[in-house]
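Before any comments, here is the structure.
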Amino acid sequence: MNLFSEYRNRIVDAVEELASNGDLPHELDTSRISVEPPRDASHGDLATNAAMVLAKQAGMKPRDIAEMLVTGLRAQSEISAAEIAGPGFINMRLDSVAWYAVLAEILRRGQAFGASDMGTGRKVNVEYVSANPTGPLHIGHARGTVFGDALAALLEKVGYDVCREYYINDAGAQVDALARSAYLRYREAHGEEIGEIPEGLYPGEYMVPVGQALAKRDGMKWLDEPEHVWLPEIREFSINAMMNLIRDDLSTLDVRHDIFTSERSLVEMGKVDDVLENLEGRGLIYTGVLEPPKGKKPDDWEARPQTLFRATDFKDDVDRPLKKSDGSWTYFASDIAYHRDKYVRGFTDLIDVWGADHGGYVKRMVAATDAVTEQGARLDVKICQIVRLLENGEQVRMSKRAGNFVTLRDLVDEVGSGVVRFIMLTRKNDAPLDFDLAFVREQSRENPVFYVQYAHARCHSVMRMAADEVPEIDTATEALQGADLSQLTDEAELALIKTLAAWPRTLESAAEAHEPHRLAFFLLEVASAFHGLWTKGSRENPSLRMVRNDAPELTRARLGLARATQIVIASGLAIFGVEPVEEMR
RNA sequence: GCGCCCGUAGCUCAGCUGGAUAGAGCGUCGGCCUCCGGAGCCGAAGGUCAGAGGUUCGAAUCCUCUCGGGCGCGCCA
């Protein structure tokens with residue numbers, strides 16, 4: 001149950017009733033009516049803009065409409081107050097009973113609280129990571145990985161049918177370079193002195209075992225053969241080795257994709273030819289000459305006729321090339337086929353998670369998707385900005401020299417999967433992120449992961465304490481469902497309940513915007529409300545202690561609140577893929 | 001030169017898709033430990049939302065321009 005959408009429905013009903021009574025005109029557009037928590041809590045629990053939105057089309061003053069609505073709202077039993085404020089807002093205050101009902105619902109539904117059918121089972125494809133199979137994942141990949149994974153979980157939570165997908169770029173020149181690198185390591189494994197790895201190949205140490213494995217499997221077989229003989233097989237072998245490496249890296253973050261789609265297989269199945277034939281038939285492909293890019297002209301630029309896609313018909317800035325000068329397809333061409341393929345597989349909502357360096361590619365991909373699905377699918381590309389790795393504010397340099405970069409695995413080993421995942425989600429995806437290692441090792445308020453986990457651990461702690469001090473209380477969730485929640489009358493207690501009650505709404509808006517970071521801020525808010533309540537009982541007002549051996553019924557109600565807090569935090573962390581901790585001594 | 005993203009407190013960032021007096025953490029200053037985990041909490045000071053126009057009942061949010069920063073700009077992915 002989303003409290004806010006429920007009350008929105010009530011308002012819309014009220015408007016329709018007034019219309020049928022003749023107090024308001026018929027067929028008003030109610031779509032812009034919203035019900036939100038007011039910015040200032042002193043204004044109440046819910047606020048609606050209904051009167052202001054309707055004023056113009058009804059040809060009436062906002063306050064007159066508000067007046068009529070308020071009369072109806074006041075008659076509803078859970079609404080303890082309804083007032084008109086400012087230019088025509090209606091502020092409503094809910095009776096405590098309504099809040100106890102939400103709390104009871106949390107205890108009843110557990111982590112399913114907040115789940116919804118907003119997505120109505122629509123098929124969403126989230127493509128993320130998709131790193132080239134040319135080496136282990138590094139820190140730059142970590143953010144998109146975590147982001148995509150959390151977004152997928154979030155969409156699942158609100159009722160989408162989600163597929164997590166990885167696109168393997170195994171068809172370009174880069175995997176040929178990979179094969180040559182493997183071949184050198186293969187010779188090396190046979191005792192040959194290979195010297196410096198040439199420019200353009202992959203010099204990383206991680207290629208050494210690939211060469212050794214090849215030598216072990218194939219013996220001397222390739223030593224005296226020319227490149228065209230060994231390249232396809234060694235390429236295949238190397239790609240598999242790299243994908244195993246990458247899958248391994250992903251598993252350190254507990255990331256598991258449903259599908260790995262190979263670019264090469266798309267090409268081999270003729271899907272690129274098919275889709276381009278289709279575009280050709282629709283007159284969206286032509287041969288032309290592009291203007292040179294201004295300002296930064298490549299040295300070797302020369303005007304040349306190319307096979308171009310009419311991207312400008314779909315809001316892109318220029319038409320885009322589909323063929324390289326050697327006659328093979330560009331990455332873009334196979335990517336068009338790939339996105340078409342996703343659509344053919346039944347996905348109408350496509351999400352791609354890319355790194356910042358691909359930002360310039362978004363328009364053409366959206367254009368191509370529009371073209372190739374004839375507006376049947378919508379592509380949303382989420383760009384993840386760079387992560388700066390810091391140690392006490394000092395940038396940790398990732399030296400690419402000798403393939404010596406900081407790997408994702410290094411980072412996870414250093415701070416743990418949960419920390420990596422949470423921190424990566426504490427910023428909006430398109431804002432740069434500072435990841436300070438010293439910070440996340442710290443156990444304090446400044447470390448958001450700790451702060452949230454601490455609140456969760458405290459919830460458990462209070463249960464353990466209760467079992468000791470008031471043994472007659474059963475702390476199982478089912479037992480706490482029977483607590484008399486109306487005993488929770490302190491302002492801080494109600495404030496915490498109200499915060500928890502916003503969880504379904506937070507989930508829905510985060511899912512709609514494709515912005516999982518909102519959950520991180522929500523969890524911090526919950527933790528803050530809980531810590532505040534805790535300290536209030538601990539320091540200022542002992543009567544607010546959660547465990548009171550002199551008041552078992554009250555204690556039961558408070559444990560119910562603590563359990564609900566724990567449930568909501570745990571379900572938020574679950575979407576992030578972070579294990580909630582029960583103890584942190 | 002063009003495109004995309006960004007610009008909010010001294011610092012790091014939120015701001016719920018256009019709502020009311022713009023919020024939080026850090027830092028600064030001042031408080032709270034006989035008792036559920038002080039790894040925490042409470043309070044104060046701190047703002048021309050980069051700037052200028054526009055749209056409307058109403059703009060940090062939408063549009064235009066200017067300034068500043070990041071990323072990208074045919075045959076790499």
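In the structure tokens, each chain is lettered A, B, ... as it comes, each chain's residues begin at 1, and ligands are numbered from 1 in order of appearance.
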
### Message
as a PyMOL selection string, please: the residues near Ala371 of chain A (cut-off 9 Å, only C-alpha atoms (C1' of nucleotides), same-chain neighbours under 4 positions excluded).
### Response
chain A and resi 279+284+311+313-314+366-367+375

Convert the current residue selection to file output with N, CA, C and O atoms, as a PDB file, in the first residue's frame.
```pdb
ATOM      1  N   LEU A 279      16.533  -1.627 -42.647  1.00  0.00           N
ATOM      2  CA  LEU A 279      16.687  -0.168 -42.662  1.00  0.00           C
ATOM      3  C   LEU A 279      16.863   0.333 -44.090  1.00  0.00           C
ATOM      4  O   LEU A 279      16.318   1.369 -44.475  1.00  0.00           O
ATOM      5  N   LEU A 284      16.568   4.233 -44.926  1.00  0.00           N
ATOM      6  CA  LEU A 284      17.276   4.887 -43.819  1.00  0.00           C
ATOM      7  C   LEU A 284      18.789   4.702 -43.905  1.00  0.00           C
ATOM      8  O   LEU A 284      19.513   5.091 -43.000  1.00  0.00           O
ATOM      9  N   ALA A 311      20.556   8.836 -38.912  1.00  0.00           N
ATOM     10  CA  ALA A 311      20.273   9.090 -37.499  1.00  0.00           C
ATOM     11  C   ALA A 311      19.591  10.440 -37.310  1.00  0.00           C
ATOM     12  O   ALA A 311      18.837  10.641 -36.360  1.00  0.00           O
ATOM     13  N   ASP A 313      17.209  11.622 -38.857  1.00  0.00           N
ATOM     14  CA  ASP A 313      15.757  11.480 -38.910  1.00  0.00           C
ATOM     15  C   ASP A 313      15.182  11.173 -37.531  1.00  0.00           C
ATOM     16  O   ASP A 313      13.985  11.247 -37.318  1.00  0.00           O
ATOM     17  N   PHE A 314      16.052  10.772 -36.620  1.00  0.00           N
ATOM     18  CA  PHE A 314      15.607  10.384 -35.280  1.00  0.00           C
ATOM     19  C   PHE A 314      16.297  11.218 -34.208  1.00  0.00           C
ATOM     20  O   PHE A 314      16.713  10.720 -33.180  1.00  0.00           O
ATOM     21  N   VAL A 366      19.896   5.705 -29.138  1.00  0.00           N
ATOM     22  CA  VAL A 366      18.470   5.929 -28.934  1.00  0.00           C
ATOM     23  C   VAL A 366      17.785   6.095 -30.289  1.00  0.00           C
ATOM     24  O   VAL A 366      16.716   5.528 -30.539  1.00  0.00           O
ATOM     25  N   ALA A 367      18.439   6.838 -31.160  1.00  0.00           N
ATOM     26  CA  ALA A 367      17.890   7.050 -32.506  1.00  0.00           C
ATOM     27  C   ALA A 367      17.735   5.715 -33.228  1.00  0.00           C
ATOM     28  O   ALA A 367      16.690   5.418 -33.818  1.00  0.00           O
ATOM     29  N   GLN A 375       9.534   2.699 -32.773  1.00  0.00           N
ATOM     30  CA  GLN A 375       9.042   3.280 -31.518  1.00  0.00           C
ATOM     31  C   GLN A 375       8.407   2.241 -30.592  1.00  0.00           C
ATOM     32  O   GLN A 375       7.744   2.593 -29.626  1.00  0.00           O
TER      33      GLN A 375
END
```

Do you know which residues are at most 12 Å from Glu17 of chain A counting only C-alpha atoms (C1' of nucleotides), after dropping those on the same chain fewer than 5 positions away, and could you put them as a PDB file with all heavy atoms, in the first residue's frame?
```pdb
ATOM      1  N   ARG A  10      -8.342   9.081  -3.296  1.00  0.00           N
ATOM      2  CA  ARG A  10      -9.479   9.630  -2.542  1.00  0.00           C
ATOM      3  C   ARG A  10      -9.802  11.045  -3.002  1.00  0.00           C
ATOM      4  O   ARG A  10     -10.962  11.430  -3.091  1.00  0.00           O
ATOM      5  CB  ARG A  10      -9.144   9.674  -1.054  1.00  0.00           C
ATOM      6  CG  ARG A  10      -9.021   8.295  -0.435  1.00  0.00           C
ATOM      7  CD  ARG A  10      -9.108   8.422   1.059  1.00  0.00           C
ATOM      8  NE  ARG A  10      -8.697   7.201   1.728  1.00  0.00           N
ATOM      9  CZ  ARG A  10      -8.939   6.961   3.006  1.00  0.00           C
ATOM     10  NH1 ARG A  10      -9.579   7.865   3.747  1.00  0.00           N
ATOM     11  NH2 ARG A  10      -8.535   5.831   3.566  1.00  0.00           N
ATOM     12  N   ILE A  11      -8.750  11.816  -3.254  1.00  0.00           N
ATOM     13  CA  ILE A  11      -8.961  13.196  -3.691  1.00  0.00           C
ATOM     14  C   ILE A  11      -9.648  13.206  -5.056  1.00  0.00           C
ATOM     15  O   ILE A  11     -10.601  13.954  -5.289  1.00  0.00           O
ATOM     16  CB  ILE A  11      -7.617  13.944  -3.808  1.00  0.00           C
ATOM     17  CG1 ILE A  11      -6.875  13.923  -2.470  1.00  0.00           C
ATOM     18  CG2 ILE A  11      -7.829  15.366  -4.327  1.00  0.00           C
ATOM     19  CD1 ILE A  11      -7.178  15.025  -1.532  1.00  0.00           C
ATOM     20  N   VAL A  12      -9.158  12.366  -5.943  1.00  0.00           N
ATOM     21  CA  VAL A  12      -9.739  12.310  -7.281  1.00  0.00           C
ATOM     22  C   VAL A  12     -11.204  11.891  -7.192  1.00  0.00           C
ATOM     23  O   VAL A  12     -12.079  12.467  -7.868  1.00  0.00           O
ATOM     24  CB  VAL A  12      -8.942  11.335  -8.184  1.00  0.00           C
ATOM     25  CG1 VAL A  12      -9.663  11.119  -9.510  1.00  0.00           C
ATOM     26  CG2 VAL A  12      -7.536  11.880  -8.424  1.00  0.00           C
ATOM     27  N   GLY A  22     -22.541  18.711  -9.603  1.00  0.00           N
ATOM     28  CA  GLY A  22     -22.662  20.001 -10.265  1.00  0.00           C
ATOM     29  C   GLY A  22     -21.876  21.119  -9.600  1.00  0.00           C
ATOM     30  O   GLY A  22     -21.926  22.266 -10.019  1.00  0.00           O
ATOM     31  N   ASP A  23     -21.126  20.786  -8.550  1.00  0.00           N
ATOM     32  CA  ASP A  23     -20.349  21.828  -7.883  1.00  0.00           C
ATOM     33  C   ASP A  23     -19.068  22.149  -8.647  1.00  0.00           C
ATOM     34  O   ASP A  23     -18.460  23.200  -8.470  1.00  0.00           O
ATOM     35  CB  ASP A  23     -19.984  21.381  -6.461  1.00  0.00           C
ATOM     36  CG  ASP A  23     -21.229  21.249  -5.595  1.00  0.00           C
ATOM     37  OD1 ASP A  23     -22.157  22.063  -5.796  1.00  0.00           O
ATOM     38  OD2 ASP A  23     -21.275  20.338  -4.743  1.00  0.00           O
ATOM     39  N   LEU A  24     -18.648  21.208  -9.465  1.00  0.00           N
ATOM     40  CA  LEU A  24     -17.479  21.434 -10.324  1.00  0.00           C
ATOM     41  C   LEU A  24     -17.873  21.009 -11.736  1.00  0.00           C
ATOM     42  O   LEU A  24     -18.759  20.167 -11.908  1.00  0.00           O
ATOM     43  CB  LEU A  24     -16.293  20.582  -9.857  1.00  0.00           C
ATOM     44  CG  LEU A  24     -15.478  21.055  -8.653  1.00  0.00           C
ATOM     45  CD1 LEU A  24     -14.443  20.006  -8.273  1.00  0.00           C
ATOM     46  CD2 LEU A  24     -14.802  22.387  -8.934  1.00  0.00           C
ATOM     47  N   PRO A  25     -17.209  21.574 -12.743  1.00  0.00           N
ATOM     48  CA  PRO A  25     -17.500  21.166 -14.125  1.00  0.00           C
ATOM     49  C   PRO A  25     -17.147  19.695 -14.345  1.00  0.00           C
ATOM     50  O   PRO A  25     -16.308  19.138 -13.635  1.00  0.00           O
ATOM     51  CB  PRO A  25     -16.579  22.052 -14.972  1.00  0.00           C
ATOM     52  CG  PRO A  25     -16.040  23.083 -14.049  1.00  0.00           C
ATOM     53  CD  PRO A  25     -16.197  22.624 -12.657  1.00  0.00           C
ATOM     54  N   HIS A  26     -17.766  19.095 -15.357  1.00  0.00           N
ATOM     55  CA  HIS A  26     -17.456  17.706 -15.682  1.00  0.00           C
ATOM     56  C   HIS A  26     -16.153  17.600 -16.453  1.00  0.00           C
ATOM     57  O   HIS A  26     -15.682  18.567 -17.041  1.00  0.00           O
ATOM     58  CB  HIS A  26     -18.595  17.107 -16.525  1.00  0.00           C
ATOM     59  CG  HIS A  26     -19.819  16.827 -15.700  1.00  0.00           C
ATOM     60  ND1 HIS A  26     -19.950  15.714 -14.926  1.00  0.00           N
ATOM     61  CD2 HIS A  26     -20.940  17.556 -15.499  1.00  0.00           C
ATOM     62  CE1 HIS A  26     -21.107  15.740 -14.297  1.00  0.00           C
ATOM     63  NE2 HIS A  26     -21.739  16.869 -14.622  1.00  0.00           N
ATOM     64  N   GLU A  27     -15.602  16.389 -16.465  1.00  0.00           N
ATOM     65  CA  GLU A  27     -14.443  16.063 -17.290  1.00  0.00           C
ATOM     66  C   GLU A  27     -13.244  16.959 -17.034  1.00  0.00           C
ATOM     67  O   GLU A  27     -12.614  17.474 -17.945  1.00  0.00           O
ATOM     68  CB  GLU A  27     -14.825  16.101 -18.775  1.00  0.00           C
ATOM     69  CG  GLU A  27     -16.017  15.182 -19.022  1.00  0.00           C
ATOM     70  CD  GLU A  27     -16.177  14.794 -20.479  1.00  0.00           C
ATOM     71  OE1 GLU A  27     -15.408  15.291 -21.315  1.00  0.00           O
ATOM     72  OE2 GLU A  27     -17.068  13.982 -20.744  1.00  0.00           O
ATOM     73  N   LEU A  28     -12.967  17.139 -15.770  1.00  0.00           N
ATOM     74  CA  LEU A  28     -11.758  17.865 -15.431  1.00  0.00           C
ATOM     75  C   LEU A  28     -10.565  16.929 -15.583  1.00  0.00           C
ATOM     76  O   LEU A  28     -10.679  15.722 -15.379  1.00  0.00           O
ATOM     77  CB  LEU A  28     -11.830  18.347 -13.972  1.00  0.00           C
ATOM     78  CG  LEU A  28     -12.803  19.490 -13.707  1.00  0.00           C
ATOM     79  CD1 LEU A  28     -12.979  19.698 -12.214  1.00  0.00           C
ATOM     80  CD2 LEU A  28     -12.320  20.772 -14.374  1.00  0.00           C
ATOM     81  N   MET A  68     -14.314  23.328  -0.794  1.00  0.00           N
ATOM     82  CA  MET A  68     -15.257  22.217  -1.003  1.00  0.00           C
ATOM     83  C   MET A  68     -14.592  20.870  -0.701  1.00  0.00           C
ATOM     84  O   MET A  68     -15.191  19.993  -0.086  1.00  0.00           O
ATOM     85  CB  MET A  68     -15.762  22.220  -2.452  1.00  0.00           C
ATOM     86  CG  MET A  68     -16.629  23.423  -2.777  1.00  0.00           C
ATOM     87  SD  MET A  68     -17.455  23.275  -4.384  1.00  0.00           S
ATOM     88  CE  MET A  68     -16.112  23.437  -5.525  1.00  0.00           C
ATOM     89  N   LEU A  69     -13.357  20.747  -1.156  1.00  0.00           N
ATOM     90  CA  LEU A  69     -12.650  19.488  -0.936  1.00  0.00           C
ATOM     91  C   LEU A  69     -12.413  19.238   0.544  1.00  0.00           C
ATOM     92  O   LEU A  69     -12.579  18.120   1.051  1.00  0.00           O
ATOM     93  CB  LEU A  69     -11.310  19.492  -1.684  1.00  0.00           C
ATOM     94  CG  LEU A  69     -11.396  19.335  -3.208  1.00  0.00           C
ATOM     95  CD1 LEU A  69     -10.044  19.600  -3.856  1.00  0.00           C
ATOM     96  CD2 LEU A  69     -11.902  17.949  -3.581  1.00  0.00           C
ATOM     97  N   GLY A  72     -15.253  17.721   2.497  1.00  0.00           N
ATOM     98  CA  GLY A  72     -15.378  16.283   2.314  1.00  0.00           C
ATOM     99  C   GLY A  72     -14.296  15.509   3.037  1.00  0.00           C
ATOM    100  O   GLY A  72     -14.546  14.467   3.639  1.00  0.00           O
TER     101      GLY A  72
END
```

#### Entry: Between atom CA of Ala189 of chain A and atom CA of Met207 of chain A - distance in Å to one decimal
10.8 Å

### Query
So which bits of segment 200-247 of chain A end up alpha helix (DSSP H) when you DSSP the backbone, as an NGL selection string?
:A and (208-218 or 227-247)

Go ahead and write the selection's residues with C-alpha atoms as a short mmCIF file (atom, residue, chain, number, x, y, z; two decimals), in the first residue's frame.
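As a result, selection_1.cif now contains:
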```
data_model
loop_
_atom_site.label_atom_id
_atom_site.label_comp_id
_atom_site.auth_asym_id
_atom_site.auth_seq_id
_atom_site.Cartn_x
_atom_site.Cartn_y
_atom_site.Cartn_z
CA VAL A 208 50.56 -15.25 -18.57
CA PRO A 209 48.32 -18.08 -17.35
CA VAL A 210 46.36 -17.91 -20.59
CA GLY A 211 49.57 -18.61 -22.53
CA GLN A 212 50.46 -21.40 -20.17
CA ALA A 213 47.05 -23.00 -20.47
CA LEU A 214 47.30 -22.81 -24.23
CA ALA A 215 50.72 -24.43 -24.19
CA LYS A 216 49.39 -27.14 -21.99
CA ARG A 217 46.38 -27.82 -24.15
CA ASP A 218 47.88 -27.46 -27.62
CA GLU A 227 48.77 -15.81 -37.73
CA HIS A 228 45.79 -16.57 -39.93
CA VAL A 229 46.05 -20.20 -38.92
CA TRP A 230 46.16 -19.81 -35.15
CA LEU A 231 44.23 -16.60 -34.65
CA PRO A 232 40.63 -17.85 -34.66
CA GLU A 233 41.24 -20.66 -32.23
CA ILE A 234 43.44 -18.73 -29.90
CA ARG A 235 41.02 -15.85 -29.97
CA GLU A 236 38.19 -18.13 -28.99
CA PHE A 237 40.27 -19.62 -26.22
CA SER A 238 41.35 -16.22 -24.90
CA ILE A 239 37.87 -14.76 -24.93
CA ASN A 240 36.65 -17.69 -22.89
CA ALA A 241 39.49 -17.23 -20.47
CA MET A 242 38.72 -13.53 -20.12
CA MET A 243 35.03 -14.12 -19.64
CA ASN A 244 35.81 -16.60 -16.91
CA LEU A 245 38.00 -14.00 -15.30
CA ILE A 246 35.24 -11.40 -15.55
CA ARG A 247 32.54 -13.74 -14.28
#
```

### Message
What are the residues of chain B lining chain A at 12 Å or less? Count only C-alpha atoms (C1' of nucleotides), and put the answer as an MDAnalysis selection string.
### Response
chainID B and resid 1:7 11:26 32:42 56:58 69:77

### atom CA of Ser251 of chain A to atom CA of Ile423 of chain A, distance in Å rounded to a single decimal
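Separation between atom CA of Ser251 of chain A and atom CA of Ile423 of chain A: 18.0 Å.
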
### Task
For atom CA of Gly135 of chain A and atom CA of Arg409 of chain A, determine how far apart the two atoms are, in Å to one decimal place.
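Going from atom CA of Gly135 of chain A over to atom CA of Arg409 of chain A, I get 12.3 Å.
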
### Exercise: segment 94-111 of chain A partners within 8 Å, only C-alpha atoms (C1' of nucleotides), chain neighbours under 4 positions left out, as a PyMOL selection string
chain A and resi 44-46+77-81+477-478+480-481+485-486+494+497-498+501+560-561+563-564+567-568+570-571

Please save N, CA, C and O atoms of the selected residues as a compact mmCIF listing (two decimals), in the first residue's frame.
```txt
# COMPACT_ATOMS: atom_id res chain seq x y z
N GLY A 44 1.77 19.16 8.33
CA GLY A 44 0.92 17.98 8.37
C GLY A 44 1.60 16.80 7.72
O GLY A 44 2.81 16.77 7.54
N ASP A 45 0.78 15.80 7.39
CA ASP A 45 1.34 14.55 6.87
C ASP A 45 1.25 14.45 5.35
O ASP A 45 2.10 13.85 4.71
N LEU A 46 0.19 15.01 4.80
CA LEU A 46 -0.02 14.92 3.37
C LEU A 46 -0.42 16.29 2.85
O LEU A 46 -1.10 17.05 3.53
N SER A 77 -12.72 9.48 8.44
CA SER A 77 -12.33 9.24 9.83
C SER A 77 -10.82 9.26 10.06
O SER A 77 -10.36 9.70 11.10
N GLU A 78 -10.02 8.80 9.09
CA GLU A 78 -8.57 8.78 9.37
C GLU A 78 -7.92 10.16 9.23
O GLU A 78 -6.76 10.33 9.57
N ILE A 79 -8.68 11.10 8.68
CA ILE A 79 -8.11 12.43 8.52
C ILE A 79 -8.51 13.28 9.72
O ILE A 79 -9.66 13.60 9.92
N SER A 80 -7.53 13.62 10.51
CA SER A 80 -7.85 14.33 11.75
C SER A 80 -7.90 15.83 11.52
O SER A 80 -8.47 16.56 12.31
N ALA A 81 -7.29 16.30 10.46
CA ALA A 81 -7.35 17.72 10.17
C ALA A 81 -7.09 17.95 8.69
O ALA A 81 -6.31 17.23 8.07
N THR A 477 8.52 -12.04 14.86
CA THR A 477 7.71 -11.05 14.15
C THR A 477 6.22 -11.34 14.27
O THR A 477 5.42 -10.45 14.53
N GLU A 478 5.85 -12.62 14.11
CA GLU A 478 4.43 -12.99 14.16
C GLU A 478 3.84 -12.62 15.52
O GLU A 478 2.71 -12.16 15.62
N LEU A 480 4.95 -10.23 17.52
CA LEU A 480 4.90 -8.77 17.67
C LEU A 480 3.74 -8.15 16.90
O LEU A 480 3.31 -7.05 17.18
N GLN A 481 3.24 -8.89 15.92
CA GLN A 481 2.08 -8.40 15.17
C GLN A 481 0.89 -8.15 16.08
O GLN A 481 0.04 -7.32 15.80
N LEU A 485 -0.11 -1.37 19.19
CA LEU A 485 0.75 -0.32 18.64
C LEU A 485 0.32 1.08 19.06
O LEU A 485 1.09 2.03 18.96
N SER A 486 -0.91 1.21 19.54
CA SER A 486 -1.38 2.54 19.91
C SER A 486 -0.65 3.09 21.13
O SER A 486 -0.84 4.22 21.54
N LEU A 494 6.37 8.35 16.34
CA LEU A 494 5.51 8.58 15.18
C LEU A 494 6.32 9.05 13.98
O LEU A 494 6.05 8.66 12.83
N ILE A 497 7.75 6.02 12.37
CA ILE A 497 6.72 5.28 11.62
C ILE A 497 6.42 5.98 10.29
O ILE A 497 6.33 5.34 9.25
N LYS A 498 6.32 7.29 10.34
CA LYS A 498 6.02 8.04 9.12
C LYS A 498 7.14 7.89 8.09
O LYS A 498 6.89 7.81 6.89
N ALA A 501 6.79 4.59 6.55
CA ALA A 501 5.62 4.54 5.69
C ALA A 501 5.91 5.08 4.29
O ALA A 501 5.17 4.82 3.35
N GLY A 560 7.95 -3.93 18.21
CA GLY A 560 7.31 -3.98 16.90
C GLY A 560 7.86 -2.91 15.99
O GLY A 560 8.14 -3.15 14.81
N LEU A 561 8.04 -1.74 16.54
CA LEU A 561 8.59 -0.63 15.76
C LEU A 561 10.04 -0.91 15.36
O LEU A 561 10.44 -0.66 14.22
N ARG A 563 11.36 -3.84 15.03
CA ARG A 563 11.36 -4.91 14.04
C ARG A 563 10.99 -4.36 12.66
O ARG A 563 11.59 -4.72 11.65
N ALA A 564 10.02 -3.47 12.63
CA ALA A 564 9.62 -2.87 11.36
C ALA A 564 10.78 -2.08 10.74
O ALA A 564 11.02 -2.13 9.54
N ILE A 567 13.13 -4.49 9.28
CA ILE A 567 12.60 -5.06 8.04
C ILE A 567 12.82 -4.11 6.87
O ILE A 567 13.28 -4.52 5.80
N VAL A 568 12.52 -2.86 7.09
CA VAL A 568 12.64 -1.90 5.99
C VAL A 568 14.12 -1.70 5.61
O VAL A 568 14.47 -1.68 4.43
N ALA A 570 16.53 -3.84 6.05
CA ALA A 570 17.01 -5.06 5.41
C ALA A 570 16.48 -5.16 3.98
O ALA A 570 17.21 -5.62 3.09
N SER A 571 15.27 -4.73 3.75
CA SER A 571 14.76 -4.89 2.39
C SER A 571 15.39 -3.87 1.45
O SER A 571 15.57 -4.15 0.27
```

### Query
Could you pull out all residues of segment 358-477 of chain A with a DSSP call of strand (DSSP E) and give them as a PyMOL selection string?
chain A and resi 378-384+387-391+394-395+433-436

Write the residues of the preceding selection, restricted to C-alpha atoms, as a PDB file, in the first residue's frame.
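Below is the file that was written, result-v7.pdb:
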```pdb
ATOM      1  CA  ARG A 378      12.059   2.764 -25.352  1.00  0.00           C
ATOM      2  CA  LEU A 379      15.790   2.884 -24.623  1.00  0.00           C
ATOM      3  CA  ASP A 380      17.048   4.681 -21.545  1.00  0.00           C
ATOM      4  CA  VAL A 381      20.813   4.962 -21.346  1.00  0.00           C
ATOM      5  CA  LYS A 382      22.200   5.534 -17.885  1.00  0.00           C
ATOM      6  CA  ILE A 383      25.645   7.047 -17.876  1.00  0.00           C
ATOM      7  CA  CYS A 384      27.788   6.356 -14.833  1.00  0.00           C
ATOM      8  CA  VAL A 387      34.836   7.108  -9.633  1.00  0.00           C
ATOM      9  CA  ARG A 388      37.825   8.777  -8.048  1.00  0.00           C
ATOM     10  CA  LEU A 389      39.559   6.468  -5.682  1.00  0.00           C
ATOM     11  CA  LEU A 390      40.973   8.380  -2.728  1.00  0.00           C
ATOM     12  CA  GLU A 391      42.945   7.639   0.380  1.00  0.00           C
ATOM     13  CA  GLU A 394      44.585  11.981  -1.842  1.00  0.00           C
ATOM     14  CA  GLN A 395      43.873  10.492  -5.217  1.00  0.00           C
ATOM     15  CA  LEU A 433      31.826   9.885  -7.111  1.00  0.00           C
ATOM     16  CA  ASP A 434      34.674  10.099  -4.656  1.00  0.00           C
ATOM     17  CA  PHE A 435      35.439   6.766  -3.054  1.00  0.00           C
ATOM     18  CA  ASP A 436      37.690   7.390  -0.097  1.00  0.00           C
TER      19      ASP A 436
END
```

### Task
Using only C-alpha atoms (C1' of nucleotides), determine which residues lie at most 12 Å from segment 162-164 of chain A, disregarding the query and same-chain residues fewer than 4 positions distant; provide the list as a PyMOL selection string.
chain A and resi 119-130+145+147-158+255-261+342+345-353

### Task
Tell me, as an MDAnalysis selection string, which residues lie within 9 Å of Thr373 of chain A, counting only C-alpha atoms (C1' of nucleotides); anything in the same chain fewer than 6 positions away does not count.
chainID A and resid 339:340 343:344

Could you dump the residues just selected with C-alpha atoms as a CSV table (one decimal), in the first residue's frame?
```csv
chain,number,residue,atom,x,y,z
A,339,HIS,CA,19.1,-3.7,-29.7
A,340,ARG,CA,16.7,-4.9,-32.4
A,343,TYR,CA,13.1,-6.0,-28.8
A,344,VAL,CA,12.4,-9.1,-30.8
```

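Using only C-alpha atoms (C1' of nucleotides), the nearest neighbour of G31 of chain B within the list B:A59, B:C49, B:A9, B:A44 is B:A44.
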
Would you list the contacts of segment 63-65 of chain B as a short mmCIF file (atom, residue, chain, number, x, y, z; two decimals) with C-alpha atoms (C1' of nucleotides), in the first residue's frame, taking every protein, DNA or RNA residue within 10 Å and counting only C-alpha atoms (C1' of nucleotides), but skipping same-chain residues closer than 4 positions in sequence?
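Below is the file selection13.cif, written as the result:
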```cif
data_model
loop_
_atom_site.label_atom_id
_atom_site.label_comp_id
_atom_site.auth_asym_id
_atom_site.auth_seq_id
_atom_site.Cartn_x
_atom_site.Cartn_y
_atom_site.Cartn_z
"C1'" A B 52 20.88 37.17 -17.01
"C1'" G B 53 16.30 36.89 -19.32
"C1'" G B 54 11.65 34.00 -20.25
"C1'" U B 55 7.27 30.50 -19.46
#
```

### Task
Would you mind telling me which residue in A:Asp274, A:Glu83, A:Asp249, A:Glu491 lies nearest to Ala66 of chain A when using only C-alpha atoms?
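Nearest candidate to Ala66 of chain A out of A:Asp274, A:Glu83, A:Asp249, A:Glu491: A:Glu83.
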
### Nearest-residue call for Met365 of chain A, choices A:Arg143, A:Leu408, A:Val415, A:Phe309, using only C-alpha atoms
A:Phe309
